[in-house]
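Enquirer: This is input-v3.cif, which holds mmCIF, C-alpha atoms and all ligand atoms:
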```cif
data_data
loop_
_atom_site.label_atom_id
_atom_site.label_comp_id
_atom_site.auth_asym_id
_atom_site.auth_seq_id
_atom_site.Cartn_x
_atom_site.Cartn_y
_atom_site.Cartn_z
CA MET A 1 -11.73 14.99 2.94
CA ILE A 2 -10.74 12.11 0.67
CA ILE A 3 -7.86 11.90 -1.81
CA LYS A 4 -8.49 10.99 -5.45
CA PRO A 5 -6.75 8.29 -7.51
CA VAL A 6 -3.82 9.33 -9.71
CA ASP A 7 -5.12 10.45 -13.11
CA PRO A 8 -2.76 8.98 -15.75
CA SER A 9 -3.63 11.71 -18.25
CA ARG A 10 -2.26 14.47 -15.99
CA PRO A 11 1.35 15.36 -15.15
CA LEU A 12 2.61 14.06 -11.83
CA PRO A 13 5.37 16.36 -10.62
CA LEU A 14 6.06 14.60 -7.27
CA HIS A 15 7.50 17.85 -5.87
CA ASP A 16 8.49 18.12 -2.23
CA LYS A 17 5.61 20.48 -1.55
CA GLY A 18 3.13 17.73 -2.48
CA ALA A 19 4.30 15.83 0.61
CA LYS A 20 2.66 18.37 2.97
CA PRO A 21 -0.86 17.64 4.26
CA PRO A 22 -3.58 18.93 1.92
CA LYS A 23 -5.18 22.28 2.73
CA GLY A 24 -8.51 21.95 4.46
CA LEU A 25 -7.47 18.95 6.54
CA PRO A 26 -7.80 19.64 10.26
CA ASN A 27 -4.66 19.21 12.37
CA GLY A 28 -3.61 18.60 15.96
CA ASP A 29 -6.05 16.90 18.31
CA GLU A 30 -8.96 17.23 15.89
CA LEU A 31 -7.12 15.20 13.24
CA LYS A 32 -6.17 12.59 15.85
CA ARG A 33 -9.81 12.32 16.82
CA LEU A 34 -10.88 11.90 13.18
CA LEU A 35 -8.24 9.22 12.69
CA ALA A 36 -9.48 7.32 15.75
CA VAL A 37 -13.01 7.38 14.35
CA GLU A 38 -11.82 5.98 10.99
CA GLN A 39 -9.66 3.30 12.66
CA GLU A 40 -12.66 2.15 14.66
CA ARG A 41 -14.81 2.13 11.56
CA LEU A 42 -12.23 0.04 9.69
CA GLY A 43 -12.31 -2.49 12.54
CA GLU A 44 -16.10 -2.79 12.20
CA LEU A 45 -16.01 -3.03 8.40
CA GLN A 46 -13.26 -5.65 8.55
CA SER A 47 -15.30 -7.78 10.91
CA ALA A 48 -18.21 -7.95 8.42
CA PHE A 49 -15.81 -8.28 5.45
CA TYR A 50 -14.21 -11.32 7.11
CA ALA A 51 -17.58 -12.99 7.74
CA ASP A 52 -18.93 -12.10 4.30
CA ARG A 53 -16.01 -13.69 2.34
CA ARG A 54 -17.10 -12.41 -1.06
CA HIS A 55 -13.96 -10.34 -1.68
CA ALA A 56 -10.35 -10.01 -0.66
CA LEU A 57 -8.72 -6.61 -0.19
CA LEU A 58 -5.14 -6.02 -1.27
CA VAL A 59 -3.48 -2.86 0.05
CA VAL A 60 -0.15 -2.07 -1.62
CA LEU A 61 2.21 0.30 0.19
CA GLN A 62 5.17 1.77 -1.66
CA GLY A 63 7.44 4.64 -0.74
CA ARG A 64 11.04 5.66 -0.39
CA ASP A 65 13.11 4.56 2.59
CA ALA A 66 11.75 6.04 5.85
CA SER A 67 8.49 7.11 4.21
CA GLY A 68 6.59 5.37 7.00
CA LYS A 69 5.37 2.09 5.55
CA ASP A 70 5.78 0.23 8.87
CA GLY A 71 4.14 3.01 10.89
CA THR A 72 1.23 3.14 8.45
CA ILE A 73 0.56 -0.58 8.89
CA ARG A 74 0.66 -0.22 12.70
CA SER A 75 -1.70 2.72 12.79
CA VAL A 76 -4.22 2.10 9.99
CA PHE A 77 -4.98 -1.50 10.96
CA ASP A 78 -4.83 -0.83 14.71
CA ALA A 79 -8.46 -1.85 15.35
CA CYS A 80 -8.49 -4.81 12.95
CA ASN A 81 -8.67 -8.45 13.95
CA PRO A 82 -5.20 -9.90 13.13
CA GLN A 83 -6.88 -13.15 12.11
CA GLY A 84 -8.26 -11.45 9.00
CA CYS A 85 -5.10 -9.55 8.02
CA GLN A 86 -1.75 -10.59 6.70
CA VAL A 87 1.34 -8.55 5.86
CA ALA A 88 3.77 -9.58 3.13
CA SER A 89 7.12 -7.75 2.98
CA PHE A 90 9.09 -7.87 -0.23
CA LYS A 91 12.87 -7.88 0.09
CA ALA A 92 15.48 -8.49 -2.62
CA PRO A 93 14.43 -11.73 -4.35
CA THR A 94 16.06 -15.06 -3.46
CA ASP A 95 17.74 -17.24 -6.08
CA LEU A 96 14.60 -19.37 -6.28
CA GLU A 97 12.39 -16.31 -6.77
CA LEU A 98 14.74 -14.97 -9.42
CA SER A 99 14.48 -18.22 -11.33
CA HIS A 100 10.73 -17.57 -11.82
CA ASP A 101 8.81 -14.72 -13.43
CA PHE A 102 8.71 -11.60 -11.23
CA LEU A 103 5.05 -12.07 -10.26
CA TRP A 104 5.48 -15.65 -9.03
CA ARG A 105 6.36 -14.71 -5.46
CA VAL A 106 3.62 -12.09 -5.43
CA HIS A 107 0.74 -14.29 -6.54
CA GLN A 108 1.44 -16.74 -3.71
CA VAL A 109 0.72 -14.12 -1.05
CA VAL A 110 -2.33 -12.47 -2.59
CA PRO A 111 -4.97 -12.45 0.18
CA ALA A 112 -7.75 -15.03 0.29
CA ARG A 113 -11.40 -13.94 0.17
CA GLY A 114 -12.51 -12.48 3.48
CA THR A 115 -9.04 -11.25 4.36
CA ILE A 116 -7.03 -8.07 3.96
CA GLY A 117 -3.52 -8.45 2.55
CA ILE A 118 -1.03 -5.65 3.10
CA PHE A 119 2.01 -5.47 0.83
CA ASN A 120 4.95 -3.70 2.44
CA ARG A 121 6.72 -3.02 -0.88
CA SER A 122 5.43 -5.12 -3.73
CA HIS A 123 5.77 -6.19 -7.37
CA TYR A 124 6.32 -2.48 -8.09
CA GLU A 125 9.92 -2.88 -6.89
CA ASP A 126 10.40 -4.64 -10.22
CA VAL A 127 9.87 -1.33 -12.04
CA LEU A 128 11.48 0.84 -9.33
CA VAL A 129 14.72 -0.39 -7.75
CA VAL A 130 15.17 -2.84 -10.63
CA ARG A 131 14.93 -0.01 -13.16
CA VAL A 132 16.97 2.54 -11.21
CA LYS A 133 19.78 0.10 -10.41
CA ASN A 134 19.73 -1.55 -13.86
CA LEU A 135 19.14 -4.99 -12.36
CA VAL A 136 17.58 -6.12 -15.64
CA PRO A 137 17.81 -4.44 -19.08
CA LYS A 138 15.22 -1.87 -20.16
CA ARG A 139 13.83 -4.28 -22.78
CA VAL A 140 12.76 -6.48 -19.85
CA TRP A 141 11.35 -3.94 -17.35
CA GLN A 142 9.58 -1.77 -19.93
CA HIS A 143 6.98 -4.53 -20.52
CA ARG A 144 6.29 -4.98 -16.83
CA TYR A 145 3.85 -2.06 -16.54
CA ARG A 146 1.50 -3.84 -18.93
CA GLN A 147 2.16 -7.19 -17.29
CA ILE A 148 1.33 -5.70 -13.88
CA ASN A 149 -1.88 -4.14 -15.21
CA ASP A 150 -2.93 -7.48 -16.72
CA PHE A 151 -2.09 -9.34 -13.50
CA GLU A 152 -4.00 -6.87 -11.34
CA ARG A 153 -6.97 -6.97 -13.69
CA MET A 154 -7.06 -10.76 -13.46
CA LEU A 155 -7.01 -10.53 -9.66
CA THR A 156 -9.86 -8.00 -9.57
CA GLU A 157 -11.93 -10.16 -11.91
CA ASN A 158 -11.47 -12.89 -9.33
CA GLY A 159 -12.74 -10.93 -6.35
CA VAL A 160 -9.59 -9.14 -5.16
CA VAL A 161 -10.13 -5.41 -4.59
CA ILE A 162 -6.85 -3.52 -4.98
CA LEU A 163 -5.80 -0.17 -3.50
CA LYS A 164 -2.28 1.14 -3.97
CA PHE A 165 -0.74 3.92 -1.88
CA PHE A 166 2.46 5.81 -2.62
CA LEU A 167 3.71 7.42 0.60
CA HIS A 168 5.16 10.65 -0.73
CA ILE A 169 7.78 12.28 1.54
CA SER A 170 10.04 15.26 0.88
CA LYS A 171 13.82 15.01 0.82
CA ASP A 172 13.98 17.07 4.04
CA GLU A 173 11.60 14.74 5.83
CA GLN A 174 13.66 11.71 4.80
CA ARG A 175 16.76 13.41 6.22
CA GLU A 176 14.92 14.01 9.52
CA GLN A 177 13.84 10.38 9.67
CA PHE A 178 17.35 9.09 8.90
CA LEU A 179 18.80 11.37 11.61
CA GLU A 180 16.25 10.01 14.08
CA ARG A 181 17.18 6.45 13.16
CA LEU A 182 20.85 7.24 13.77
CA THR A 183 20.17 9.07 17.03
CA ASP A 184 17.59 6.86 18.74
CA PRO A 185 19.21 3.52 19.75
CA THR A 186 15.85 1.74 19.43
CA LYS A 187 15.72 2.82 15.78
CA ASN A 188 19.34 2.22 14.72
CA TRP A 189 18.40 -1.19 13.32
CA LYS A 190 16.16 0.42 10.73
CA PHE A 191 19.05 2.26 9.08
CA ARG A 192 21.05 0.64 6.27
CA ALA A 193 24.13 2.34 4.82
CA GLY A 194 22.60 1.53 1.41
CA ASP A 195 19.74 3.92 2.23
CA LEU A 196 22.13 6.78 1.46
CA ASP A 197 22.92 5.35 -1.98
CA ASP A 198 19.19 5.35 -2.77
CA ARG A 199 18.89 8.92 -1.42
CA ALA A 200 21.64 9.98 -3.84
CA LEU A 201 19.46 8.59 -6.65
CA TRP A 202 16.45 10.69 -5.57
CA GLY A 203 15.75 12.06 -9.07
CA ASP A 204 16.02 8.65 -10.74
CA TYR A 205 13.56 7.19 -8.23
CA THR A 206 11.21 10.14 -8.78
CA ARG A 207 11.10 9.34 -12.50
CA ALA A 208 10.58 5.64 -11.84
CA TYR A 209 7.77 6.33 -9.34
CA ARG A 210 6.12 8.78 -11.71
CA ASP A 211 6.02 6.20 -14.51
CA ALA A 212 4.79 3.42 -12.22
CA LEU A 213 1.99 5.58 -10.80
CA ARG A 214 0.85 6.96 -14.14
CA LYS A 215 1.14 3.78 -16.19
CA CYS A 216 -0.46 1.56 -13.54
CA SER A 217 -3.20 3.73 -12.02
CA THR A 218 -6.11 1.86 -13.55
CA ARG A 219 -9.87 1.75 -13.03
CA TRP A 220 -9.50 -1.65 -11.41
CA ALA A 221 -6.39 -0.93 -9.32
CA PRO A 222 -5.94 2.79 -8.65
CA TRP A 223 -2.82 4.43 -7.23
CA TYR A 224 -3.24 7.09 -4.54
CA LEU A 225 -0.53 9.64 -3.91
CA VAL A 226 -0.50 10.18 -0.15
CA PRO A 227 1.18 13.31 1.24
CA SER A 228 3.24 11.66 3.98
CA ASP A 229 5.44 14.27 5.70
CA HIS A 230 2.85 14.38 8.49
CA ARG A 231 2.10 10.97 9.99
CA THR A 232 -1.40 11.50 11.36
CA ALA A 233 -2.54 13.09 8.09
CA ARG A 234 -1.04 10.17 6.14
CA ASN A 235 -2.73 7.57 8.31
CA TYR A 236 -6.05 9.38 8.23
CA LEU A 237 -6.07 9.77 4.42
CA ILE A 238 -5.24 6.10 3.84
CA THR A 239 -7.76 4.79 6.38
CA LYS A 240 -10.45 6.97 4.84
CA VAL A 241 -9.88 5.59 1.32
CA ILE A 242 -9.92 2.01 2.62
CA ASN A 243 -13.14 2.64 4.54
CA GLU A 244 -14.90 4.22 1.59
CA THR A 245 -13.87 1.27 -0.59
CA LEU A 246 -14.96 -1.35 1.92
CA SER A 247 -18.28 0.30 2.67
CA ALA A 248 -19.06 0.53 -1.07
CA LEU A 249 -18.75 -3.28 -1.14
CA LYS A 250 -21.50 -3.45 1.51
CA PRO A 251 -20.04 -6.37 3.46
CA GLU A 252 -22.72 -8.30 5.30
CA TYR A 253 -22.80 -10.93 8.01
CA PRO A 254 -24.23 -14.09 6.43
CA ARG A 255 -27.61 -14.99 7.95
CA ALA A 256 -28.51 -18.53 8.93
CA SER A 257 -31.41 -20.18 7.09
CA LYS A 258 -34.85 -20.46 8.72
CA GLU A 259 -34.23 -24.16 9.31
CA VAL A 260 -31.02 -23.49 11.16
CA LEU A 261 -32.56 -20.67 13.21
CA ALA A 262 -35.38 -23.04 14.17
CA LEU A 263 -32.80 -25.19 15.93
CA LYS A 264 -32.77 -22.55 18.67
CA GLY A 265 -35.94 -24.10 20.09
CA THR A 266 -34.33 -27.54 20.28
CA LEU A 267 -31.28 -26.40 22.27
CA ALA A 268 -31.32 -28.18 25.60
CA ARG A 269 -30.82 -26.13 28.74
P1 LIG B 301 12.39 -2.07 4.27
O1 LIG B 301 11.25 -2.41 3.34
O2 LIG B 301 11.95 -1.89 5.69
O3 LIG B 301 13.23 -0.92 3.79
P2 LIG B 301 14.74 -3.61 3.90
O4 LIG B 301 15.61 -2.56 4.51
O5 LIG B 301 15.10 -5.04 4.14
O6 LIG B 301 13.25 -3.40 4.31
O7 LIG B 301 14.67 -3.34 2.34
C1 LIG B 301 14.20 -4.24 1.44
C2 LIG B 301 15.01 -4.02 0.18
O8 LIG B 301 14.65 -5.00 -0.78
C3 LIG B 301 14.78 -2.65 -0.45
O9 LIG B 301 15.99 -2.00 -0.65
C4 LIG B 301 14.11 -3.00 -1.77
O10 LIG B 301 14.42 -2.09 -2.78
C5 LIG B 301 14.67 -4.39 -2.03
N1 LIG B 301 13.83 -5.13 -2.98
C6 LIG B 301 12.52 -5.43 -2.86
N2 LIG B 301 12.08 -6.06 -3.98
C7 LIG B 301 13.12 -6.13 -4.82
C8 LIG B 301 13.30 -6.65 -6.13
N3 LIG B 301 12.29 -7.21 -6.80
N4 LIG B 301 14.52 -6.55 -6.68
C9 LIG B 301 15.54 -5.98 -6.02
N5 LIG B 301 15.44 -5.46 -4.77
C10 LIG B 301 14.25 -5.53 -4.18
#
```
If you convert what's in this file into structure tokens, what do you get?
Ligand code: ADP

Expert:
Amino acid sequence: MIIKPVDPSRPLPLHDKGAKPPKGLPNGDELKRLLAVEQERLGELQSAFYADRRHALLVVLQGRDASGKDGTIRSVFDACNPQGCQVASFKAPTDLELSHDFLWRVHQVVPARGTIGIFNRSHYEDVLVVRVKNLVPKRVWQHRYRQINDFERMLTENGVVILKFFLHISKDEQREQFLERLTDPTKNWKFRAGDLDDRALWGDYTRAYRDALRKCSTRWAPWYLVPSDHRTARNYLITKVINETLSALKPEYPRASKEVLALKGTLAR
């Protein structure tokens, strides 16, 4: 089973029930087994992708607090060579970042050819939290959807393949995750009191996510809505999309020329 990109011409309700694993997906040990197979396959594809160096892959992860962005990164890229991956996490911008256009800090960490870049949050915060919390006026953020589409198109035309995943969790699941963070001492550090302010703005965020996903799911940089209440299902669905995308690029190990291969005979024992 593979999930399809968000279709901008169709309504996107983002109801809680859409956060449950899709019907038809195996569960339990069988799903864990399928995930392990896909993780392994991603490791193999990444190895060739790194050697090939024709493209870069940018994986954007967005989701509400406690939707599992960190856990997704740990699991999906488990079998990858860290040398070919880099994670960029986007926090509230610094004064220097704020004194530039909103894509300035983003462009600097776009992955180089041969590597996979993972964005833990991204330039989409500039049409999400920024919109919901009125950090800039509407006349500023309303143009950003087009600016983002233009920016992403420019990147794709320059060899960057872009996949964007929205980790969709239900309000109940977020409550469970917050309770766990407040109960388990090894997870306390993940909880911010401000998380509850954002939870109180659930509906406003839903509207902002809906617009971001529909206005910016393009041919060149599709958004995928990932049902994320169940972790193994989430990880499996994301890994599968990445693998299908990478294998369509047919990454190959560069072969040495005949002249270079002939050097084999001259190697001294
Ligand atoms: P995590 O991603 O694990 O939740 P933090 O708890 O440090 O990490 O949260 C990062 C915070 O930075 C989030 O609340 C996010 O909304 C905020 N942030 C990211 N980008 C921007 C931005 N462009 N403008 C304002 N806030 C932002």

Enquirer: Just to confirm, what's the straight-line distance from CA of Ala36 (chain A) to CA of Pro22 (chain A) in Å (one decimal)?

Expert: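 Distance reported for this atom pair: 19.0 Å.
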
Enquirer: Give me, as a PDB file with C-alpha atoms, in the frame of the given file, all polymer residues having an atom no more than 10 Å from Phe178 (chain A), counting only C-alpha atoms and skipping those fewer than 5 positions away in the same chain.

Expert:
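Generated output (result-v3.pdb):
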```pdb
ATOM      1  CA  ASP A  65      13.110   4.560   2.590  1.00  0.00           C
ATOM      2  CA  ALA A  66      11.750   6.040   5.850  1.00  0.00           C
ATOM      3  CA  ASP A 172      13.980  17.070   4.040  1.00  0.00           C
ATOM      4  CA  GLU A 173      11.600  14.740   5.830  1.00  0.00           C
ATOM      5  CA  THR A 183      20.170   9.070  17.030  1.00  0.00           C
ATOM      6  CA  LYS A 187      15.720   2.820  15.780  1.00  0.00           C
ATOM      7  CA  ASN A 188      19.340   2.220  14.720  1.00  0.00           C
ATOM      8  CA  LYS A 190      16.160   0.420  10.730  1.00  0.00           C
ATOM      9  CA  PHE A 191      19.050   2.260   9.080  1.00  0.00           C
ATOM     10  CA  ARG A 192      21.050   0.640   6.270  1.00  0.00           C
ATOM     11  CA  ASP A 195      19.740   3.920   2.230  1.00  0.00           C
ATOM     12  CA  LEU A 196      22.130   6.780   1.460  1.00  0.00           C
TER      13      LEU A 196
END
```

Enquirer: Distance limit 7 Å, reference ligand LIG 301 (chain B), atoms considered: only C-alpha atoms and all ligand atoms. Which residues make the cut? Give them as an mmCIF file with C-alpha atoms, keeping the file's coordinate frame.

Expert:
```cif
data_model
loop_
_atom_site.group_PDB
_atom_site.id
_atom_site.type_symbol
_atom_site.label_atom_id
_atom_site.label_comp_id
_atom_site.auth_asym_id
_atom_site.auth_seq_id
_atom_site.Cartn_x
_atom_site.Cartn_y
_atom_site.Cartn_z
ATOM 1 C CA ASP A 65 13.110 4.560 2.590
ATOM 2 C CA SER A 89 7.120 -7.750 2.980
ATOM 3 C CA PHE A 90 9.090 -7.870 -0.230
ATOM 4 C CA LYS A 91 12.870 -7.880 0.090
ATOM 5 C CA ALA A 92 15.480 -8.490 -2.620
ATOM 6 C CA PRO A 93 14.430 -11.730 -4.350
ATOM 7 C CA ASN A 120 4.950 -3.700 2.440
ATOM 8 C CA ARG A 121 6.720 -3.020 -0.880
ATOM 9 C CA SER A 122 5.430 -5.120 -3.730
ATOM 10 C CA HIS A 123 5.770 -6.190 -7.370
ATOM 11 C CA GLU A 125 9.920 -2.880 -6.890
ATOM 12 C CA ASP A 126 10.400 -4.640 -10.220
ATOM 13 C CA VAL A 129 14.720 -0.390 -7.750
ATOM 14 C CA VAL A 130 15.170 -2.840 -10.630
ATOM 15 C CA LYS A 190 16.160 0.420 10.730
ATOM 16 C CA ARG A 192 21.050 0.640 6.270
#
```

Enquirer: Interatomic distance between CA of Phe166 (chain A) and CA of Pro222 (chain A)?

Expert: 10.8 Å

Enquirer: For Pro11 (chain A), please output as number ranges by chain all residues within 12 Å (counting all atoms listed in the file; exclusion window: fewer than 2 positions along the same chain).

Expert: A: 6-9, 13-15, 207, 210-211, 213-215

Enquirer: Selection from above, C-alpha atoms, as a PDB file, in the coordinates of the input, can you write it?

Expert:
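Final file, out-v1.pdb:
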```pdb
ATOM      1  CA  VAL A   6      -3.820   9.330  -9.710  1.00  0.00           C
ATOM      2  CA  ASP A   7      -5.120  10.450 -13.110  1.00  0.00           C
ATOM      3  CA  PRO A   8      -2.760   8.980 -15.750  1.00  0.00           C
ATOM      4  CA  SER A   9      -3.630  11.710 -18.250  1.00  0.00           C
ATOM      5  CA  PRO A  13       5.370  16.360 -10.620  1.00  0.00           C
ATOM      6  CA  LEU A  14       6.060  14.600  -7.270  1.00  0.00           C
ATOM      7  CA  HIS A  15       7.500  17.850  -5.870  1.00  0.00           C
ATOM      8  CA  ARG A 207      11.100   9.340 -12.500  1.00  0.00           C
ATOM      9  CA  ARG A 210       6.120   8.780 -11.710  1.00  0.00           C
ATOM     10  CA  ASP A 211       6.020   6.200 -14.510  1.00  0.00           C
ATOM     11  CA  LEU A 213       1.990   5.580 -10.800  1.00  0.00           C
ATOM     12  CA  ARG A 214       0.850   6.960 -14.140  1.00  0.00           C
ATOM     13  CA  LYS A 215       1.140   3.780 -16.190  1.00  0.00           C
TER      14      LYS A 215
END
```

Enquirer: How close does region 105-189 of chain A get to region 38-47 of chain A? List, as a Markdown table, each residue of region 105-189 of chain A within 12 Å, its nearest atom pair and the distance in Å to one decimal, counting all atoms listed in the file.

Expert:
```
| residue | atom | partner | partner_atom | distance |
| --- | --- | --- | --- | --- |
| A:Arg113 | CA | A:Gln46 | CA | 11.9 |
| A:Gly114 | CA | A:Gln46 | CA | 8.5 |
| A:Thr115 | CA | A:Gln46 | CA | 8.2 |
| A:Ile116 | CA | A:Gln46 | CA | 8.1 |
| A:Gly117 | CA | A:Gln46 | CA | 11.8 |
```

Enquirer: Could you check how far CA of Ala88 (chain A) sits from CA of Val106 (chain A), in Å to one decimal?

Expert: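 For CA of Ala88 (chain A) relative to CA of Val106 (chain A), the distance reads 8.9 Å.
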
Enquirer: What lies within 7 Å of Tyr253 (chain A) using all atoms listed in the file, ignoring chain neighbours under 5 positions off, as a PyMOL selection string?

Expert: chain A and resi 48+51-52

Enquirer: Can you work out which one of A:Ile3, A:Leu34, A:Val260, A:Ala193 has the shortest atom-to-atom distance to Pro21 (chain A), counting only C-alpha atoms?

Expert: A:Ile3

Enquirer: Using all atoms listed in the file, can you tell me which of A:Ser99, A:Asn158, A:Gln174, A:Thr266 comes closest to Ala112 (chain A)?

Expert: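 Result for the nearest residue to Ala112 (chain A): A:Asn158.
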
Enquirer: Write out as a ChimeraX atom specification the residues lying within 8 Å of Arg234 (chain A), counting only C-alpha atoms and excluding same-chain residues fewer than 4 positions away.

Expert: /A:21,72,167,226-230,238

Enquirer: Looking at all atoms listed in the file, which of A:Ala262, A:Val109, A:Leu103, A:Ala79 is the one that sits closest to Val37 (chain A)?

Expert: A:Ala79

Enquirer: Of the candidates A:Gln147, A:Thr245, A:Asn81, A:Gln108, which one gets nearest to Ile162 (chain A) if we count all atoms listed in the file?

Expert: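 Of A:Gln147, A:Thr245, A:Asn81, A:Gln108, the one nearest Ile162 (chain A), counting all atoms listed in the file, is A:Thr245.
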
Enquirer: My list of candidates is A:Val140, A:Leu263, A:Val87, A:Ile2. Which is closest to Val241 (chain A) when distances are computed with all atoms listed in the file?

Expert: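 Among the listed residues, A:Ile2 lies closest to Val241 (chain A).
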
Enquirer: For Gly24 (chain A), which of A:Met1, A:Tyr145, A:Arg175, A:Phe49 is the closest residue, counting all atoms listed in the file?

Expert: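 Of all the options, A:Met1 lies closest to Gly24 (chain A).
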
Enquirer: Select, counting all atoms listed in the file, all protein, DNA and RNA residues no farther than 12 Å from (19.8, 4.2, -9.3) in file coordinates, and express the selection as a list in words.

Expert: Val127, Leu128, Val129, Val130, Arg131, Val132, Lys133, Asn134, Leu135, Gly194, Asp195, Leu196, Asp197, Asp198, Arg199, Ala200, Leu201, Trp202, Gly203, Asp204, Tyr205, Thr206, Arg207 and Ala208 of chain A

Enquirer: Missing atoms in region 7-19 of chain A: can you complete it with N, CA, C and O atoms, as a PDB file, in the frame of the given file?

Expert:
```
ATOM      1  N   ASP A   7      -4.539  10.393 -11.773  1.00  0.00           N
ATOM      2  CA  ASP A   7      -5.120  10.450 -13.110  1.00  0.00           C
ATOM      3  C   ASP A   7      -3.964  10.331 -14.122  1.00  0.00           C
ATOM      4  O   ASP A   7      -3.144  11.248 -14.227  1.00  0.00           O
ATOM      5  N   PRO A   8      -3.906   9.217 -14.862  1.00  0.00           N
ATOM      6  CA  PRO A   8      -2.760   8.980 -15.750  1.00  0.00           C
ATOM      7  C   PRO A   8      -2.625  10.023 -16.861  1.00  0.00           C
ATOM      8  O   PRO A   8      -1.551  10.171 -17.430  1.00  0.00           O
ATOM      9  N   SER A   9      -3.714  10.756 -17.144  1.00  0.00           N
ATOM     10  CA  SER A   9      -3.630  11.710 -18.250  1.00  0.00           C
ATOM     11  C   SER A   9      -3.042  13.053 -17.783  1.00  0.00           C
ATOM     12  O   SER A   9      -2.844  13.953 -18.584  1.00  0.00           O
ATOM     13  N   ARG A  10      -2.783  13.187 -16.478  1.00  0.00           N
ATOM     14  CA  ARG A  10      -2.260  14.470 -15.990  1.00  0.00           C
ATOM     15  C   ARG A  10      -0.816  14.327 -15.522  1.00  0.00           C
ATOM     16  O   ARG A  10      -0.414  13.244 -15.084  1.00  0.00           O
ATOM     17  N   PRO A  11      -0.049  15.429 -15.608  1.00  0.00           N
ATOM     18  CA  PRO A  11       1.350  15.360 -15.150  1.00  0.00           C
ATOM     19  C   PRO A  11       1.408  15.056 -13.653  1.00  0.00           C
ATOM     20  O   PRO A  11       0.469  15.377 -12.916  1.00  0.00           O
ATOM     21  N   LEU A  12       2.472  14.433 -13.238  1.00  0.00           N
ATOM     22  CA  LEU A  12       2.610  14.060 -11.830  1.00  0.00           C
ATOM     23  C   LEU A  12       3.980  14.543 -11.362  1.00  0.00           C
ATOM     24  O   LEU A  12       4.965  13.806 -11.452  1.00  0.00           O
ATOM     25  N   PRO A  13       4.046  15.787 -10.889  1.00  0.00           N
ATOM     26  CA  PRO A  13       5.370  16.360 -10.620  1.00  0.00           C
ATOM     27  C   PRO A  13       6.132  15.689  -9.464  1.00  0.00           C
ATOM     28  O   PRO A  13       7.331  15.629  -9.475  1.00  0.00           O
ATOM     29  N   LEU A  14       5.416  15.174  -8.458  1.00  0.00           N
ATOM     30  CA  LEU A  14       6.060  14.600  -7.270  1.00  0.00           C
ATOM     31  C   LEU A  14       7.061  15.569  -6.632  1.00  0.00           C
ATOM     32  O   LEU A  14       8.174  15.174  -6.267  1.00  0.00           O
ATOM     33  N   HIS A  15       6.670  16.844  -6.549  1.00  0.00           N
ATOM     34  CA  HIS A  15       7.500  17.850  -5.870  1.00  0.00           C
ATOM     35  C   HIS A  15       7.438  17.645  -4.372  1.00  0.00           C
ATOM     36  O   HIS A  15       6.456  17.124  -3.842  1.00  0.00           O
ATOM     37  N   ASP A  16       8.459  18.191  -3.695  1.00  0.00           N
ATOM     38  CA  ASP A  16       8.490  18.120  -2.230  1.00  0.00           C
ATOM     39  C   ASP A  16       7.247  18.739  -1.597  1.00  0.00           C
ATOM     40  O   ASP A  16       6.747  18.255  -0.585  1.00  0.00           O
ATOM     41  N   LYS A  17       6.747  19.817  -2.201  1.00  0.00           N
ATOM     42  CA  LYS A  17       5.610  20.480  -1.550  1.00  0.00           C
ATOM     43  C   LYS A  17       4.343  19.609  -1.534  1.00  0.00           C
ATOM     44  O   LYS A  17       3.485  19.772  -0.666  1.00  0.00           O
ATOM     45  N   GLY A  18       4.268  18.656  -2.451  1.00  0.00           N
ATOM     46  CA  GLY A  18       3.130  17.730  -2.480  1.00  0.00           C
ATOM     47  C   GLY A  18       3.139  16.747  -1.319  1.00  0.00           C
ATOM     48  O   GLY A  18       2.196  15.967  -1.157  1.00  0.00           O
ATOM     49  N   ALA A  19       4.210  16.759  -0.527  1.00  0.00           N
ATOM     50  CA  ALA A  19       4.300  15.830   0.610  1.00  0.00           C
ATOM     51  C   ALA A  19       3.670  16.427   1.873  1.00  0.00           C
ATOM     52  O   ALA A  19       3.530  15.750   2.888  1.00  0.00           O
TER      53      ALA A  19
END
```
